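Report on the following structure.
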Amino acid sequence: MSKVLIFAGTVEGRRIAEYLIRSGIAIHVCVATEYGEKLLQKGDGITITSKRLDTAEMKAVMIEQKISLVIDATHPYAVLVSQNIKQACMETEIEYMRMLRDSIQKQAEHCIYMDSIEEAAQYLKNTEGNVLLTTGSKELAKFTEITDYKSRLFARVLSTPSVVAECSRLGFEGRNLICMQGPFCEELNYAMLKQIDAKYLVTKESGSAGGFLEKLNAASMAGVQSIVIGRPSKEEGITFEECLSVLRGRFQIESKKKITLLGIGMGSLENMTIEGRNACENADVLIGAKRMLESLEQFHKPVFVSYRAEEICEFVNNHEEYQSFVVALSGDTGFYSGATKLIQALDDYELEVLPGISSVVYLCSKLKMTWQDVKFISNHGRYENVIAAVKNHEKVFSLLGGQDCVRSLCQKLIDYGLNEVIVYLGEQLSYENEKITVGSPSQLLNHTFVEPCVVLIENKEARLSVTTHGFSDESFIRGKVPMTKEEIRSISISKLRLTKNAVVYDIGAGTGSVSVEMALQAIEGTVYAVEKKSEAIGLIEENKKKFGADNLVVIEGIAPEAMEQLPVPTHAFIGGSSGNLRDIMKQLLKKNPNVRIVINAITLETISEALECIKSLEVAETEVVQVSVSKSQQIGEYHMMMGQNPVFIISCTGK
């Protein structure tokens, strides 16, 4: 069977080789060094030559290996090698395909373009300051003409014995010889430039795969001038993606991409399932956030650093050389995981979801606790009502995220009178520096903690979840601000038909009595108390803290203007409109045509205005209820019923 011969002097060349191996196509790969051979994927269907070849030797390989197609994926600067490959193909009448590396044309403030190495060396003769050379070992001799080059120039080259010996022969030794395999990230380039106090960086225009942008960006950040050696000539050929397309058509290779969403547990390999390890072993490429991929370095796979669904989809779509993708996700794929968005985004591919050990399971096992009775929430990149959860459940587990997250949580618990709870804080779970700290909020308040961290809060005094409204009027801090009375509150809130995740506006909130009761019912939602009086604003804040209504947000202003920037409401209670009832209702219906509205009216004018609104606006399920309440009052040994002002409760729902 005829083979494909690949001259793989670049990352793209190795990727083409790996793609053909996985597709069952026999290949022979030529690389210049034994080190280059080590970088190649081993497997059935691949043979390798690891030495520099002249034209005659190339022809011999082509004939001996029965080659039908030659892919020239050598470096853009290896002009002579490409000429020899093309000549050998012409003499053997074998098809030749030149694969080009993407060119990046980037003009930067600290960037000078030169036509050749010689021109760059001549330029540096008239400068002062240290220079980082990243053009390869074969070009170093041309820089030895520079005065004091042994102290000024720092050469970054491959770490093979032959390269080190040649550099040493030229006078590059000790701290002036940096032996590493690239390409390098921007951070490492920057650190290296700062370490040697570089004033200049010399690089070839090696394209995106060669880390060209990372070098230029690092130099710019470090205030270092980049000297770029432009490509030797304009080549003809095809791109990496075009090469893949040609190979798929020629060998009728079907694209069968499989994507595995893998929960890797806490992060350490010991914490990963055997099934998850096997998936990583068999993957062509690993995808995930930087911390996830650092945990998987021992698998020695190509990686793509990203946790965004749209970026991952784009990568999968644009990389036909890979067939098996593993997306690494922290913890378990079903517990506050990015897997949810990815499952929807990657629906067109063969998709597998593998679970991992979640942080809640791991922490509870360390604490010797059960977790079937734990309330789960997350405050990592999102808001959840932790105060309501702690007040209503004996155990609450939360993911934490963000700077100072532990301190702000402990301060909030203290502010809402929950300093008696027990806080179990887990840091760096499953890693060598794992730490679990136990204490009250005040004891942990001023401690410093390291991300990632999670918390389990135990409240042995937790009350049962609120099932009905009905706090007494005397429970609220009142001042001189009018308050919706207890019985009217109960009927009005019932008419609202609140859901646990409702987004509610309380317009004309007064003391906040209705706001508080709604917030305690919609514990997974948010209540926005809109009030114009500063005295009332203070009372609402006090009542919010007293009742632990952390999901109550106080908005000072006049409706409807104060409502404009608020999230879309599902429900609205209007206790006071300041004469703006029609505009308020129009704004509510504009934000949400299906919003549920309840209005309290005492004056005949407000009742008349409300009735006109429900007639002329797009609402349904309209209802008007008049409520007259009498409450007993003790006078001596007798009780007398004392009447309160009658209240009209008007309710409707947007069509």
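Ligands are numbered from 1 in the order shown, residues from 1 within each chain, and chains are lettered A, B, ... in the order they appear in the structure tokens.
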
### Message
Which residues are close to Val31 of chain A, i.e. within 9 Å by only C-alpha atoms, leaving aside same-chain residues fewer than 6 positions away? Reply as a PyMOL selection string.
### Response
chain A and resi 6-9+37+48-52+74

#### Entry: Neighbour list for Glu609 of chain A as a list in words, cut-off 10 Å, only C-alpha atoms, skip fewer than 3 positions in-chain
Gly579, Asn580, Leu581, Arg582, Ala601, Leu604, Glu605, Thr606, Glu612, Cys613 and Ile614 of chain A

Output file for the selection above: N, CA and C atoms, as a CSV table (one decimal), in the first residue's frame:
chain,number,residue,atom,x,y,z
A,579,GLY,N,-49.5,59.5,42.0
A,579,GLY,CA,-50.2,60.0,40.9
A,579,GLY,C,-49.8,59.5,39.5
A,580,ASN,N,-48.8,58.5,39.5
A,580,ASN,CA,-48.3,58.0,38.2
A,580,ASN,C,-48.7,56.6,37.9
A,581,LEU,N,-49.9,56.2,38.3
A,581,LEU,CA,-50.3,54.8,38.2
A,581,LEU,C,-50.3,54.4,36.8
A,582,ARG,N,-50.9,55.2,35.8
A,582,ARG,CA,-51.0,54.7,34.4
A,582,ARG,C,-49.6,54.5,33.9
A,601,ALA,N,-55.6,50.5,46.9
A,601,ALA,CA,-56.2,51.8,46.8
A,601,ALA,C,-57.1,52.1,48.0
A,604,LEU,N,-60.8,57.3,46.7
A,604,LEU,CA,-61.7,57.1,45.6
A,604,LEU,C,-61.0,57.5,44.3
A,605,GLU,N,-60.1,58.5,44.3
A,605,GLU,CA,-59.4,58.9,43.1
A,605,GLU,C,-58.5,57.8,42.5
A,606,THR,N,-57.8,57.2,43.5
A,606,THR,CA,-56.9,56.1,43.1
A,606,THR,C,-57.7,54.9,42.5
A,612,GLU,N,-59.8,52.8,35.3
A,612,GLU,CA,-59.6,53.3,34.0
A,612,GLU,C,-58.4,52.5,33.3
A,613,CYS,N,-57.4,52.3,34.1
A,613,CYS,CA,-56.2,51.6,33.6
A,613,CYS,C,-56.5,50.2,33.2
A,614,ILE,N,-57.2,49.5,34.0
A,614,ILE,CA,-57.4,48.0,33.6
A,614,ILE,C,-58.4,47.9,32.5

Selection near segment 334-347 of chain A, 7 Å with only C-alpha atoms, sequence-local residues under 4 positions removed, as an mmCIF file with N, CA and C atoms, in the first residue's frame:
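The resulting part-v6.cif:
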data_model
loop_
_atom_site.group_PDB
_atom_site.id
_atom_site.type_symbol
_atom_site.label_atom_id
_atom_site.label_comp_id
_atom_site.auth_asym_id
_atom_site.auth_seq_id
_atom_site.Cartn_x
_atom_site.Cartn_y
_atom_site.Cartn_z
ATOM 1 N N LEU A 261 -17.529 15.225 27.788
ATOM 2 C CA LEU A 261 -17.542 16.213 28.866
ATOM 3 C C LEU A 261 -17.215 15.460 30.145
ATOM 4 N N ALA A 309 -18.243 28.161 26.059
ATOM 5 C CA ALA A 309 -18.892 27.231 25.135
ATOM 6 C C ALA A 309 -18.670 27.638 23.680
ATOM 7 N N CYS A 313 -16.730 25.357 20.873
ATOM 8 C CA CYS A 313 -17.413 24.950 19.638
ATOM 9 C C CYS A 313 -16.593 25.350 18.412
ATOM 10 N N SER A 358 -18.010 15.402 43.103
ATOM 11 C CA SER A 358 -18.279 16.821 43.340
ATOM 12 C C SER A 358 -17.671 17.271 44.665
#

When you look at segment 554-571 of chain A with a cut-off of 6 Å (counting only C-alpha atoms), what residues show up, excluding the ones that are within fewer than 2 positions of it in the same chain? I need them as a compact mmCIF listing (two decimals) with N, CA and C atoms, in the first residue's frame.
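Everything below was put into result08.txt:
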# COMPACT_ATOMS: atom_id res chain seq x y z
N ALA A 502 -39.59 34.45 41.93
CA ALA A 502 -40.21 35.65 41.37
C ALA A 502 -39.27 36.85 41.43
N VAL A 503 -39.40 37.73 40.44
CA VAL A 503 -38.74 39.03 40.44
C VAL A 503 -39.85 40.07 40.64
N VAL A 504 -39.87 40.71 41.81
CA VAL A 504 -41.02 41.52 42.23
C VAL A 504 -40.62 42.98 42.42
N TYR A 528 -37.54 44.17 44.60
CA TYR A 528 -37.01 45.53 44.48
C TYR A 528 -38.02 46.49 45.12
N ALA A 529 -37.62 47.09 46.25
CA ALA A 529 -38.49 48.01 46.97
C ALA A 529 -38.21 49.43 46.49
N VAL A 530 -39.14 50.00 45.74
CA VAL A 530 -38.97 51.34 45.18
C VAL A 530 -39.68 52.34 46.09
N GLU A 531 -38.93 53.30 46.62
CA GLU A 531 -39.49 54.26 47.58
C GLU A 531 -38.77 55.60 47.42
N LYS A 532 -39.57 56.69 47.51
CA LYS A 532 -39.01 58.03 47.29
C LYS A 532 -38.59 58.73 48.57
N ILE A 584 -46.81 53.90 35.45
CA ILE A 584 -46.18 52.77 36.11
C ILE A 584 -46.66 51.45 35.48
N LYS A 591 -42.10 46.09 30.04
CA LYS A 591 -41.01 45.21 30.45
C LYS A 591 -41.41 43.74 30.36
N VAL A 595 -46.84 40.32 33.10
CA VAL A 595 -46.60 40.59 34.52
C VAL A 595 -47.90 40.52 35.33
N ARG A 596 -47.79 40.02 36.56
CA ARG A 596 -48.93 39.97 37.48
C ARG A 596 -48.86 41.21 38.37
N ILE A 597 -49.99 41.97 38.46
CA ILE A 597 -50.01 43.25 39.18
C ILE A 597 -51.10 43.24 40.23

### Task
Would you mind writing down, as an MDAnalysis selection string, each residue of segment 205-365 of chain A that DSSP on the backbone assigns to strand (DSSP E or B)?
chainID A and resid 225:229 238 258:263 265 285:288 303:305 324:329 331 350:354

Residues just named, written with C-alpha atoms as a PDB file, in the first residue's frame:
ATOM      1  CA  GLN A 225      12.072  46.564  20.992  1.00  0.00           C
ATOM      2  CA  SER A 226      11.305  43.623  18.713  1.00  0.00           C
ATOM      3  CA  ILE A 227      13.445  43.010  15.639  1.00  0.00           C
ATOM      4  CA  VAL A 228      11.500  40.788  13.234  1.00  0.00           C
ATOM      5  CA  ILE A 229      13.166  38.907  10.399  1.00  0.00           C
ATOM      6  CA  ILE A 238      -2.072  25.584   0.734  1.00  0.00           C
ATOM      7  CA  LYS A 258     -16.554  12.483  19.582  1.00  0.00           C
ATOM      8  CA  ILE A 259     -16.660  14.898  22.503  1.00  0.00           C
ATOM      9  CA  THR A 260     -16.496  13.807  26.127  1.00  0.00           C
ATOM     10  CA  LEU A 261     -17.542  16.213  28.866  1.00  0.00           C
ATOM     11  CA  LEU A 262     -15.527  14.957  31.820  1.00  0.00           C
ATOM     12  CA  GLY A 263     -15.969  15.834  35.470  1.00  0.00           C
ATOM     13  CA  GLY A 265     -13.360  15.882  40.487  1.00  0.00           C
ATOM     14  CA  VAL A 285      -6.814  16.849  22.554  1.00  0.00           C
ATOM     15  CA  LEU A 286      -7.800  18.118  26.013  1.00  0.00           C
ATOM     16  CA  ILE A 287      -9.837  21.292  26.493  1.00  0.00           C
ATOM     17  CA  GLY A 288     -10.542  23.250  29.656  1.00  0.00           C
ATOM     18  CA  VAL A 303      -4.425  21.254  24.847  1.00  0.00           C
ATOM     19  CA  PHE A 304      -6.734  24.168  24.174  1.00  0.00           C
ATOM     20  CA  VAL A 305      -7.237  26.551  27.090  1.00  0.00           C
ATOM     21  CA  SER A 324     -11.639  12.673  20.054  1.00  0.00           C
ATOM     22  CA  PHE A 325     -12.044  15.727  22.308  1.00  0.00           C
ATOM     23  CA  VAL A 326     -12.184  15.727  26.115  1.00  0.00           C
ATOM     24  CA  VAL A 327     -13.510  18.858  27.827  1.00  0.00           C
ATOM     25  CA  ALA A 328     -12.332  18.834  31.455  1.00  0.00           C
ATOM     26  CA  LEU A 329     -14.759  20.319  33.975  1.00  0.00           C
ATOM     27  CA  GLY A 331     -16.125  18.534  40.143  1.00  0.00           C
ATOM     28  CA  GLU A 350     -21.401  12.358  19.306  1.00  0.00           C
ATOM     29  CA  LEU A 351     -21.470  13.437  22.932  1.00  0.00           C
ATOM     30  CA  GLU A 352     -20.627  11.561  26.120  1.00  0.00           C
ATOM     31  CA  VAL A 353     -20.923  12.939  29.661  1.00  0.00           C
ATOM     32  CA  LEU A 354     -18.809  11.358  32.403  1.00  0.00           C
TER      33      LEU A 354
END

#### Entry: Best match for closeness to Ile16 of chain A among A:Glu321, A:Glu311, A:Glu34, A:Glu119, counting only C-alpha atoms
A:Glu321

### Task
Show which residues sit within 9 Å of Tyr19 of chain A, as a ChimeraX atom specification. Count only C-alpha atoms, and ignore same-chain residues fewer than 3 positions away.
/A:14-16,22-25,244,320-323

Could you give me, as a compact mmCIF listing (two decimals) with C-alpha atoms, in the first residue's frame, the residues within 10 Å of Pro452 of chain A, counting only C-alpha atoms and dropping anything in the same chain fewer than 5 positions from it?
# COMPACT_ATOMS: atom_id res chain seq x y z
CA MET A 266 -11.50 18.26 42.77
CA HIS A 380 -19.40 31.41 42.43
CA LEU A 399 -19.40 27.14 46.01
CA LEU A 400 -17.51 30.40 46.57
CA GLY A 401 -15.68 32.61 44.12
CA GLY A 402 -14.13 36.03 43.84
CA GLY A 426 -12.60 23.73 52.40
CA GLU A 427 -9.61 25.10 50.47
CA GLN A 428 -7.68 23.43 47.64
CA LEU A 429 -9.63 20.21 48.19

### Query
What are the DSSP alpha helix (DSSP H) residues of segment 261-302 of chain A, as a PyMOL selection string?
chain A and resi 274-282+290-294

Kindly save the residues from that selection, with N, CA and C atoms included, as a compact mmCIF listing (two decimals), in the first residue's frame.
# COMPACT_ATOMS: atom_id res chain seq x y z
N ILE A 274 -11.62 6.10 37.14
CA ILE A 274 -10.87 5.31 36.16
C ILE A 274 -11.41 5.57 34.76
N GLU A 275 -12.72 5.68 34.65
CA GLU A 275 -13.36 5.98 33.37
C GLU A 275 -12.86 7.32 32.82
N GLY A 276 -12.70 8.30 33.70
CA GLY A 276 -12.20 9.60 33.28
C GLY A 276 -10.76 9.55 32.82
N ARG A 277 -9.93 8.79 33.52
CA ARG A 277 -8.52 8.62 33.11
C ARG A 277 -8.43 7.98 31.73
N ASN A 278 -9.25 6.95 31.52
CA ASN A 278 -9.23 6.28 30.22
C ASN A 278 -9.62 7.23 29.11
N ALA A 279 -10.60 8.11 29.38
CA ALA A 279 -11.02 9.08 28.37
C ALA A 279 -9.86 10.02 28.01
N CYS A 280 -9.10 10.45 29.01
CA CYS A 280 -7.95 11.33 28.76
C CYS A 280 -6.85 10.60 28.00
N GLU A 281 -6.63 9.34 28.34
CA GLU A 281 -5.60 8.55 27.66
C GLU A 281 -5.91 8.41 26.18
N ASN A 282 -7.19 8.27 25.84
CA ASN A 282 -7.59 8.02 24.46
C ASN A 282 -7.92 9.29 23.69
N LYS A 290 -7.40 26.75 32.55
CA LYS A 290 -5.99 26.53 32.81
C LYS A 290 -5.77 25.60 33.99
N ARG A 291 -6.53 25.81 35.09
CA ARG A 291 -6.34 24.97 36.28
C ARG A 291 -6.71 23.53 36.00
N MET A 292 -7.75 23.31 35.19
CA MET A 292 -8.14 21.95 34.86
C MET A 292 -7.04 21.24 34.08
N LEU A 293 -6.49 21.92 33.09
CA LEU A 293 -5.48 21.30 32.23
C LEU A 293 -4.16 21.06 32.96
N GLU A 294 -3.85 21.91 33.94
CA GLU A 294 -2.64 21.66 34.75
C GLU A 294 -2.73 20.34 35.49

#### Entry: Spatial neighbours of segment 128-132 of chain A, 7 Å, only C-alpha atoms, chain gap at least 3 places, as a ChimeraX atom specification
/A:152-155,197-202

Store the residues picked out above in a file with C-alpha atoms, as a PDB file, in the first residue's frame.
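Final output, result.pdb:
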ATOM      1  CA  ARG A 152      25.136  40.960  25.618  1.00  0.00           C
ATOM      2  CA  LEU A 153      23.399  38.197  23.657  1.00  0.00           C
ATOM      3  CA  PHE A 154      21.185  35.502  25.175  1.00  0.00           C
ATOM      4  CA  ALA A 155      20.386  32.596  22.835  1.00  0.00           C
ATOM      5  CA  ASP A 197      17.085  42.835  31.439  1.00  0.00           C
ATOM      6  CA  ALA A 198      16.635  42.697  27.653  1.00  0.00           C
ATOM      7  CA  LYS A 199      16.432  45.810  25.516  1.00  0.00           C
ATOM      8  CA  TYR A 200      15.916  43.910  22.231  1.00  0.00           C
ATOM      9  CA  LEU A 201      14.176  40.731  21.065  1.00  0.00           C
ATOM     10  CA  VAL A 202      15.141  39.112  17.742  1.00  0.00           C
TER      11      VAL A 202
END

### Task
Rank A:Gln633, A:Ser475, A:Ser492, A:Ser68 by their smallest atom-to-atom distance to Ile574 of chain A, using only C-alpha atoms, and report the top residue only.
A:Ser492
